[in-house]
Structure formats: structure tokens, C-alpha cells
Amino acid sequence: MLDRLAGAGLRATRTRKALAALLFNGNTRYVTAEQLHRQATATTRISLATVYNTLKTFTKHGLLQEVVVDPGRSFFDTNVTDHYHFYCEDKHTLIDFPVDVGILIRLSDRPRDAAIRRVDLIIRIRSNQKNTDDVVLDLAH
């Protein structure tokens, strides 16, 4: 964790270390600022504004990817590799799916003097089952 912060050019402050320990535990995950705040306050005093600012700093330095699903609703993704998302609107959850970025770039009608930096794609889905607690998505079809 300390190497990760240093590699991103960030000082390992107490706050950054505490939040990085929660975020980068070996598993990729999505988290909102509010979710991370609830987890962090179980062991330390920290304001929601500080959590939000730290998430933004981690994003700016390439440690996280911000996924904006609605105005005012963002998830922070620990998987910073090229991938895309299904957003299940009724469960407020994200599901990763990989896509060949090259296909999207070749289809792009971008200006000749512009380089594609990143492609964001969110496919919004809604469960069509009455009991949304038991939703299983078949991503193969």
C-alpha cells in the first residue's frame, strides 16, 4: 500500500494510509464516498469531505477510476484497467465487462488533431424480475 502511494507520487499521510488500506486490500471493488466513509469511521475519525477529497486525489493520480452514473452519484473503481460497466439502476450496482477498446477507437469519428485518451461506457440495465434480490445477469448473451 505504501509503495502504491509512493508510486503515484503521493505522501503517505495517516488519512491516505487508512483509506488505502480499505480500498486496496487485494480485491477490485466499487465504492461510493459515503460507503467508504461509513467503513472508515468504524476505526478512525474522518469527515465525509476528507474521504471525498482523498478519493478525488487517488483518482487524479491514477489509483482509482471514477465512474459517474448520474449527476451527483459516483462510484470509485479500484480496477483502473480498460473495461466498461453495466449499471443496474434498481440495485445501484456496477458490473464490469471487458470490451476491445480498439473496436471503439476504430469506429470513432474524432478530429484528426485529437488523440483518444479514454473511452467511458456505461450500459444502464434494470432487472425485469419481481424480486431484484435474486437477479442473476447472463453476460455471455
# chains A, B, ... in the order shown; residues from 1 in each chain; ligands from 1
$ residues_around --residues "Thr57 of chain A" --least-positions-apart "6" --cutoff "12 Å" --atoms "only C-alpha atoms" --output "list of chain:residue names"
A:Leu5, A:Ala8, A:Gly9, A:Leu10, A:Arg11, A:Thr15, A:Arg16, A:Leu19, A:Ala20, A:Thr50, A:Val51, A:Leu63, A:Leu64, A:Gln65, A:Glu66, A:Phe76
$ write_last_selection --atoms "C-alpha atoms" --output "tab-separated table (two decimals), in the first residue's frame"
chain	number	residue	atom	x	y	z
A	5	LEU	CA	1.00	5.69	-2.78
A	8	ALA	CA	1.65	7.61	-7.57
A	9	GLY	CA	3.75	10.45	-6.15
A	10	LEU	CA	1.63	10.82	-3.01
A	11	ARG	CA	2.80	11.29	0.56
A	15	THR	CA	-5.65	9.55	6.24
A	16	ARG	CA	-4.37	8.25	2.90
A	19	LEU	CA	-8.35	4.83	3.24
A	20	ALA	CA	-5.88	2.99	1.00
A	50	THR	CA	-11.93	14.37	3.62
A	51	VAL	CA	-12.95	10.97	2.23
A	63	LEU	CA	-5.04	4.86	-8.32
A	64	LEU	CA	-8.81	4.86	-8.89
A	65	GLN	CA	-11.24	5.38	-11.73
A	66	GLU	CA	-14.34	7.49	-11.10
A	76	PHE	CA	-14.80	4.82	-7.38
$ select_by_dssp --residues "segment 2-137 of chain A" --states "alpha helix (DSSP H)" --output "compact mmCIF listing (two decimals) with N, CA and C atoms, in the first residue's frame"
# COMPACT_ATOMS: atom_id res chain seq x y z
N LEU A 2 1.91 1.26 0.82
CA LEU A 2 2.80 2.42 0.86
C LEU A 2 3.51 2.59 -0.47
N ASP A 3 3.90 1.47 -1.09
CA ASP A 3 4.54 1.53 -2.40
C ASP A 3 3.58 2.09 -3.45
N ARG A 4 2.33 1.73 -3.33
CA ARG A 4 1.32 2.21 -4.28
C ARG A 4 1.17 3.72 -4.18
N LEU A 5 1.10 4.24 -2.97
CA LEU A 5 1.00 5.69 -2.78
C LEU A 5 2.26 6.39 -3.28
N ALA A 6 3.41 5.85 -2.93
CA ALA A 6 4.67 6.45 -3.36
C ALA A 6 4.81 6.40 -4.88
N GLY A 7 4.41 5.29 -5.47
CA GLY A 7 4.47 5.15 -6.93
C GLY A 7 3.60 6.16 -7.65
N ARG A 14 -1.55 9.83 7.28
CA ARG A 14 -2.37 8.92 8.09
C ARG A 14 -3.71 8.64 7.41
N THR A 15 -4.35 9.69 6.90
CA THR A 15 -5.65 9.55 6.24
C THR A 15 -5.53 8.72 4.98
N ARG A 16 -4.55 9.01 4.15
CA ARG A 16 -4.37 8.25 2.90
C ARG A 16 -4.07 6.79 3.19
N LYS A 17 -3.25 6.52 4.18
CA LYS A 17 -2.94 5.13 4.52
C LYS A 17 -4.19 4.40 5.00
N ALA A 18 -5.00 5.05 5.83
CA ALA A 18 -6.20 4.41 6.35
C ALA A 18 -7.19 4.10 5.23
N LEU A 19 -7.40 5.05 4.33
CA LEU A 19 -8.35 4.83 3.24
C LEU A 19 -7.79 3.85 2.21
N ALA A 20 -6.49 3.93 1.94
CA ALA A 20 -5.88 2.99 1.00
C ALA A 20 -5.98 1.56 1.53
N ALA A 21 -5.83 1.38 2.84
CA ALA A 21 -5.95 0.04 3.42
C ALA A 21 -7.34 -0.53 3.18
N LEU A 22 -8.36 0.31 3.25
CA LEU A 22 -9.73 -0.15 3.00
C LEU A 22 -9.97 -0.41 1.51
N LEU A 23 -9.39 0.42 0.67
CA LEU A 23 -9.64 0.31 -0.78
C LEU A 23 -8.84 -0.79 -1.45
N ALA A 33 -18.26 7.46 -1.95
CA ALA A 33 -17.63 8.19 -0.85
C ALA A 33 -18.37 7.90 0.46
N GLU A 34 -19.68 7.81 0.39
CA GLU A 34 -20.48 7.55 1.60
C GLU A 34 -20.19 6.15 2.16
N GLN A 35 -20.08 5.16 1.29
CA GLN A 35 -19.77 3.80 1.75
C GLN A 35 -18.40 3.75 2.42
N LEU A 36 -17.42 4.36 1.77
CA LEU A 36 -16.07 4.36 2.34
C LEU A 36 -16.03 5.13 3.65
N HIS A 37 -16.77 6.21 3.74
CA HIS A 37 -16.84 6.99 4.98
C HIS A 37 -17.38 6.13 6.12
N ARG A 38 -18.46 5.39 5.85
CA ARG A 38 -19.03 4.51 6.89
C ARG A 38 -18.01 3.46 7.34
N GLN A 39 -17.28 2.89 6.40
CA GLN A 39 -16.26 1.89 6.76
C GLN A 39 -15.13 2.53 7.56
N ALA A 40 -14.69 3.69 7.14
CA ALA A 40 -13.56 4.34 7.79
C ALA A 40 -13.90 4.79 9.20
N LEU A 48 -16.64 13.22 5.91
CA LEU A 48 -17.03 12.81 4.57
C LEU A 48 -16.30 13.64 3.52
N ALA A 49 -16.10 14.92 3.79
CA ALA A 49 -15.37 15.79 2.85
C ALA A 49 -13.94 15.31 2.65
N THR A 50 -13.29 14.88 3.72
CA THR A 50 -11.93 14.37 3.62
C THR A 50 -11.89 13.08 2.81
N VAL A 51 -12.86 12.21 3.01
CA VAL A 51 -12.95 10.97 2.23
C VAL A 51 -13.12 11.31 0.76
N TYR A 52 -14.03 12.21 0.48
CA TYR A 52 -14.29 12.60 -0.91
C TYR A 52 -13.03 13.20 -1.54
N ASN A 53 -12.38 14.11 -0.84
CA ASN A 53 -11.17 14.74 -1.37
C ASN A 53 -10.06 13.72 -1.61
N THR A 54 -9.93 12.76 -0.72
CA THR A 54 -8.91 11.72 -0.88
C THR A 54 -9.23 10.83 -2.08
N LEU A 55 -10.49 10.48 -2.27
CA LEU A 55 -10.89 9.69 -3.44
C LEU A 55 -10.57 10.45 -4.72
N LYS A 56 -10.85 11.74 -4.74
CA LYS A 56 -10.54 12.56 -5.92
C LYS A 56 -9.03 12.62 -6.16
N THR A 57 -8.25 12.74 -5.09
CA THR A 57 -6.80 12.76 -5.23
C THR A 57 -6.29 11.42 -5.76
N PHE A 58 -6.80 10.32 -5.22
CA PHE A 58 -6.40 8.99 -5.71
C PHE A 58 -6.77 8.84 -7.19
N THR A 59 -7.91 9.37 -7.58
CA THR A 59 -8.34 9.29 -8.98
C THR A 59 -7.41 10.11 -9.86
N LYS A 60 -7.12 11.32 -9.44
CA LYS A 60 -6.23 12.21 -10.20
C LYS A 60 -4.85 11.58 -10.42
N VAL A 101 -11.14 -2.18 -26.74
CA VAL A 101 -11.11 -0.73 -26.93
C VAL A 101 -10.80 -0.39 -28.38
N GLY A 102 -10.00 -1.20 -29.03
CA GLY A 102 -9.62 -0.94 -30.42
C GLY A 102 -10.82 -0.83 -31.34
N ILE A 103 -11.84 -1.65 -31.10
CA ILE A 103 -13.05 -1.58 -31.92
C ILE A 103 -13.71 -0.22 -31.77
N LEU A 104 -13.84 0.26 -30.56
CA LEU A 104 -14.47 1.56 -30.33
C LEU A 104 -13.65 2.70 -30.93
N ILE A 105 -12.34 2.59 -30.82
CA ILE A 105 -11.48 3.65 -31.35
C ILE A 105 -11.55 3.69 -32.87
N ARG A 106 -11.57 2.52 -33.52
CA ARG A 106 -11.66 2.49 -34.98
C ARG A 106 -12.99 3.05 -35.47
N LEU A 107 -14.04 2.92 -34.68
CA LEU A 107 -15.35 3.45 -35.07
C LEU A 107 -15.46 4.96 -34.83
$ residues_around --residues "Cys88 of chain A" --least-positions-apart "5" --cutoff "9 Å" --atoms "only C-alpha atoms" --output "MDAnalysis selection string"
chainID A and resid 93:95 123:127
$ atom_distance --atom1 "atom CA of Asp100 of chain A" --atom2 "atom CA of Tyr87 of chain A"
19.0 Å
$ closest_residue --among "A:Asp96, A:Asp82, A:Asp77, A:Asp109" --to "Ile122 of chain A" --atoms "only C-alpha atoms"
A:Asp96
$ select_by_dssp --residues "segment 24-118 of chain A" --states "strand (DSSP E)" --output "PyMOL selection string"
chain A and resi 30-31+65-70+73-77+84-88+93-97
